[in-house]
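Engineer: Mind having a look at this structure? Questions to follow.
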Amino acid sequence: MEPVNNVTDFVLMGLTQNPKEQKILSIIFLLFYIKTVVGNLLIVLTVTFSKSLGAPMYFFLAGLSFMDVMYASAISPHLISGLILGQKTISFQACMIQLFMEHLFGGSEVFLLLVMAYDRYVAICKPLHYQIIMRHWVCVVLLIGSWTGGLLHSVIQLSSLYGLPFCGPNVIDHFLCDMYPLLKLVCSDTYVIDLLVALNGGLICSIVFLLLLISYGVILHSLKNLSQEGKRKALSTCGSHITVVVFFFVPCIFMYARPARNFPIDKSLSVFYTVITPMLNPLIYTLRNSEMTYAMKMLWRRKVLSGSK
């Protein structure tokens, strides 16, 4: 028998019902979104047009920044418009698209952060073989692999939910369409799907986070063989990566590596890793990286000079 689906749209309750708070939050999130898009696109453009940033680390950083722009764009515009216009409804299809995009770009970022940690491991622990191991075609394959991993993760999430029966109610106590809030509205037993979601989301986040901790532990242990300048540069680069990893994975593990239940803190954590973290990534990577900062200045000066001519 085909599953019954009487729901054509969902009502997103959002972050608050207070009109004054909605106006304040709409301004804050609009500024955050603009900063996210501008900051991350600036990194992509700088890496693309600066000849000094040809190292694999910057190639992957540009890929991460592009993912952050797309990830934030899958969520923030609808969140901001809802706060400004008070539009709470989202169609069933639009909800599924948002769910797919969110997990596609979020999942791809999970795998790319692991790739970036591998790149740093090779650069610091095997410096003599770095150019051979991290050839350009290898970097391209690793980036494509990250996208493929995110796509598979997202397809599994969507396909496990899409055919389930939604026969009412249709009110989601959240500001975005995500797995656990939607599973709460399914009018059938979701025990097996709950386990699949935890395995596909929480287990992936937990395993990748553990691998990242191990890789950075090995990297930090190997620093004793480097010069003082090498140690300083390695610690600066790894410090940026570790900061991003903690900001992204800790909320991810809490949200998905657990039984399918909703907690009051969920919405606040979701704001952190869907809105704030993509905005912080450009600041974390550029402020701690003198080469990136210098390349941005040179690119800006070139633009100004060419414009004046």
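Residues are named by chain letter and number: chains run A, B, ... in the order of the structure tokens, numbers start at 1 in each chain, and ligands are numbered from 1 in the order shown.
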List as a list of chain:residue names the protein and nucleic acid residues near Tyr294 (chain A), meaning an atom at most 10 Å away when only C-alpha atoms are counted, but skip any in the same chain fewer than 6 places from it.

Structural biologist: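 Contacts, in chain order: A:Ser52, A:Thr286, A:Trp300.
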
Engineer: Can you build me a table of region 213-275 of chain A residues sitting at most 12 Å from region 58-62 of chain A, with the closest atom pair per residue and its distance in Å to one decimal, using only C-alpha atoms, sorted by chain and residue number, as JSON lines?

Structural biologist:
```
{"residue": "A:Thr237", "atom": "CA", "partner": "A:Tyr58", "partner_atom": "CA", "distance": 11.3}
{"residue": "A:Ser240", "atom": "CA", "partner": "A:Leu61", "partner_atom": "CA", "distance": 11.3}
{"residue": "A:His241", "atom": "CA", "partner": "A:Leu61", "partner_atom": "CA", "distance": 10.2}
{"residue": "A:Val244", "atom": "CA", "partner": "A:Leu61", "partner_atom": "CA", "distance": 11.6}
```

Engineer: Restrict the selected residues to N, CA and C atoms and save them as a PDB file, in the first residue's frame.

Structural biologist:
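Below you can see selection-v6.pdb, which holds the result:
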```pdb
ATOM      1  N   THR A 237      48.596  27.151  11.488  1.00  0.00           N
ATOM      2  CA  THR A 237      47.711  26.508  10.511  1.00  0.00           C
ATOM      3  C   THR A 237      46.811  25.477  11.166  1.00  0.00           C
ATOM      4  N   SER A 240      43.993  26.925  13.316  1.00  0.00           N
ATOM      5  CA  SER A 240      42.827  27.350  12.545  1.00  0.00           C
ATOM      6  C   SER A 240      41.931  26.167  12.218  1.00  0.00           C
ATOM      7  N   HIS A 241      42.548  25.082  11.765  1.00  0.00           N
ATOM      8  CA  HIS A 241      41.781  23.896  11.386  1.00  0.00           C
ATOM      9  C   HIS A 241      41.050  23.303  12.592  1.00  0.00           C
ATOM     10  N   VAL A 244      37.958  25.344  13.578  1.00  0.00           N
ATOM     11  CA  VAL A 244      36.834  25.091  12.670  1.00  0.00           C
ATOM     12  C   VAL A 244      36.220  23.727  12.947  1.00  0.00           C
TER      13      VAL A 244
END
```

Engineer: Provide the CA of Leu196 (chain A) to CA of Gln157 (chain A) distance in Å, to one decimal place.

Structural biologist: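 Calculated distance between CA of Leu196 (chain A) and CA of Gln157 (chain A) is 8.4 Å.
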
Engineer: Could you jot down the CA of Pro56 (chain A) to CA of Val245 (chain A) separation for me, Å, one decimal place?

Structural biologist: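 That distance, rounded to one decimal, is 18.5 Å.
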
Engineer: Using only C-alpha atoms for the distances, tell me which of A:Phe66, A:Tyr130, A:Phe32, A:Phe166 is nearest to Phe10 (chain A).

Structural biologist: A:Phe166

Engineer: Could you tell me how far CA of Trp147 (chain A) lies from CA of Ser108 (chain A), in Å and to one decimal?

Structural biologist: 5.0 Å

Engineer: Could you list, as a list in words, every residue within 10 Å of Asp68 (chain A), counting only C-alpha atoms and ignoring same-chain residues fewer than 5 positions away?

Structural biologist: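 Result of the neighbour search: Thr36, Val37, Asn40, Leu41, Ala62, Gly63, Ser73, Ala74, Phe105, Gly106, Glu109, Thr274, Val275, Thr277, Pro278, Met279, Asn281 and Pro282 of chain A.
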
Engineer: Those same residues, written as a short mmCIF file (atom, residue, chain, number, x, y, z; two decimals), in the first residue's frame with N, CA, C and O atoms?

Structural biologist:
```cif
data_model
loop_
_atom_site.label_atom_id
_atom_site.label_comp_id
_atom_site.auth_asym_id
_atom_site.auth_seq_id
_atom_site.Cartn_x
_atom_site.Cartn_y
_atom_site.Cartn_z
N THR A 36 29.01 36.27 5.65
CA THR A 36 29.35 34.90 5.24
C THR A 36 29.64 34.83 3.75
O THR A 36 30.67 34.30 3.32
N VAL A 37 28.73 35.39 2.96
CA VAL A 37 28.86 35.33 1.50
C VAL A 37 30.08 36.13 1.04
O VAL A 37 30.91 35.63 0.26
N ASN A 40 33.54 34.53 2.42
CA ASN A 40 33.92 33.26 1.79
C ASN A 40 34.19 33.42 0.30
O ASN A 40 35.11 32.79 -0.24
N LEU A 41 33.40 34.25 -0.39
CA LEU A 41 33.67 34.48 -1.81
C LEU A 41 34.99 35.22 -2.01
O LEU A 41 35.68 35.00 -3.01
N ALA A 62 39.57 27.09 -0.55
CA ALA A 62 38.61 27.69 -1.48
C ALA A 62 37.38 26.79 -1.63
O ALA A 62 36.24 27.29 -1.68
N GLY A 63 37.59 25.47 -1.68
CA GLY A 63 36.47 24.54 -1.75
C GLY A 63 35.61 24.61 -0.50
O GLY A 63 34.37 24.58 -0.58
N SER A 73 23.43 29.55 2.22
CA SER A 73 22.38 30.00 1.29
C SER A 73 21.20 29.04 1.25
O SER A 73 20.11 29.43 0.83
N ALA A 74 21.40 27.80 1.66
CA ALA A 74 20.30 26.84 1.70
C ALA A 74 19.38 27.09 2.89
O ALA A 74 18.24 26.62 2.91
N PHE A 105 25.69 19.91 1.41
CA PHE A 105 26.83 20.80 1.66
C PHE A 105 27.44 20.57 3.04
O PHE A 105 28.66 20.63 3.20
N GLY A 106 26.59 20.27 4.04
CA GLY A 106 27.12 19.95 5.37
C GLY A 106 27.92 18.66 5.35
O GLY A 106 29.00 18.58 5.94
N GLU A 109 31.23 19.10 3.60
CA GLU A 109 32.18 19.83 4.45
C GLU A 109 32.82 18.90 5.47
O GLU A 109 34.01 19.05 5.78
N THR A 274 24.75 26.43 11.49
CA THR A 274 24.22 26.76 10.15
C THR A 274 24.41 28.23 9.79
O THR A 274 24.46 28.56 8.60
N VAL A 275 24.48 29.11 10.78
CA VAL A 275 24.56 30.55 10.52
C VAL A 275 25.90 31.14 10.96
O VAL A 275 26.54 31.86 10.20
N THR A 277 28.89 29.51 12.27
CA THR A 277 30.14 28.85 11.87
C THR A 277 30.56 29.19 10.44
O THR A 277 31.74 29.49 10.20
N PRO A 278 29.67 29.15 9.43
CA PRO A 278 30.09 29.55 8.08
C PRO A 278 30.60 30.99 8.00
O PRO A 278 31.43 31.30 7.16
N MET A 279 30.10 31.86 8.90
CA MET A 279 30.57 33.24 8.91
C MET A 279 31.95 33.35 9.56
O MET A 279 32.79 34.17 9.16
N ASN A 281 34.37 31.02 9.67
CA ASN A 281 35.46 30.34 8.95
C ASN A 281 36.41 31.29 8.22
O ASN A 281 37.63 31.15 8.33
N PRO A 282 35.90 32.28 7.46
CA PRO A 282 36.82 33.21 6.79
C PRO A 282 37.70 33.97 7.78
O PRO A 282 38.89 34.17 7.54
#
```

Engineer: Fewer than 6 positions away in the same chain doesn't count, so skip those; otherwise give me all residues within 12 Å of Ile265 (chain A), counting only C-alpha atoms, as a PyMOL selection string.

Structural biologist: chain A and resi 15+173-174+251+254-255+271-272

Engineer: Hey, what does DSSP flag as alpha helix (DSSP H) within region 20-167 of chain A? Can you give it to me as number ranges by chain?

Structural biologist: A: 20-49, 56-73, 76-85, 92-125, 130-133, 136-162

Engineer: Can you work out which one of A:Thr8, A:Gln17, A:Gln228, A:Ser215 has the shortest atom-to-atom distance to Ile90 (chain A), counting only C-alpha atoms?

Structural biologist: A:Thr8

Engineer: List every residue of region 5-248 of chain A that DSSP, applied to the backbone of this structure, places in strand (DSSP E or B), and write the result as a count of residues only.

Structural biologist: 9

Engineer: Please produce, as CSV, a per-residue contact table for region 203-296 of chain A versus region 116-125 of chain A (criterion: any atom at most 9 Å away, only C-alpha atoms considered), showing the nearest atom pair and its distance in Å to one decimal, sorted by chain then residue number.

Structural biologist:
```
residue,atom,partner,partner_atom,distance
A:Leu212,CA,A:Ala117,CA,6.6
A:Ser215,CA,A:Tyr121,CA,6.8
A:Tyr216,CA,A:Ala117,CA,7.3
A:Val218,CA,A:Tyr121,CA,7.8
A:Ile219,CA,A:Tyr121,CA,5.9
A:Ser222,CA,A:Cys125,CA,6.5
A:Leu223,CA,A:Ile124,CA,7.8
A:Leu226,CA,A:Ile124,CA,8.6
A:Gly230,CA,A:Ile124,CA,8.8
A:Ala234,CA,A:Ile124,CA,7.3
A:Thr237,CA,A:Arg120,CA,8.3
A:Cys238,CA,A:Arg120,CA,7.5
A:His241,CA,A:Ala117,CA,7.6
```

Engineer: Can you write out the residues you just picked, keeping C-alpha atoms, as a PDB file, in the first residue's frame?

Structural biologist:
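Result went into selection08.pdb, see below:
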```
ATOM      1  CA  LEU A 212      40.597  14.284  12.928  1.00  0.00           C
ATOM      2  CA  SER A 215      45.520  13.085  12.886  1.00  0.00           C
ATOM      3  CA  TYR A 216      46.088  16.354  14.741  1.00  0.00           C
ATOM      4  CA  VAL A 218      50.061  12.801  15.362  1.00  0.00           C
ATOM      5  CA  ILE A 219      50.815  16.202  13.797  1.00  0.00           C
ATOM      6  CA  SER A 222      55.744  15.384  15.209  1.00  0.00           C
ATOM      7  CA  LEU A 223      56.343  19.116  15.761  1.00  0.00           C
ATOM      8  CA  LEU A 226      60.664  21.038  13.295  1.00  0.00           C
ATOM      9  CA  GLY A 230      58.305  25.596  11.397  1.00  0.00           C
ATOM     10  CA  ALA A 234      52.407  24.587  11.763  1.00  0.00           C
ATOM     11  CA  THR A 237      47.711  26.508  10.511  1.00  0.00           C
ATOM     12  CA  CYS A 238      46.611  23.557  12.639  1.00  0.00           C
ATOM     13  CA  HIS A 241      41.781  23.896  11.386  1.00  0.00           C
TER      14      HIS A 241
END
```

Engineer: Out of A:Cys177, A:Gly163, A:Pro259, A:Arg135, which residue has the shortest atom-to-atom distance to Tyr191 (chain A) when counting only C-alpha atoms?

Structural biologist: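 Of A:Cys177, A:Gly163, A:Pro259, A:Arg135, the one nearest Tyr191 (chain A), counting only C-alpha atoms, is A:Pro259.
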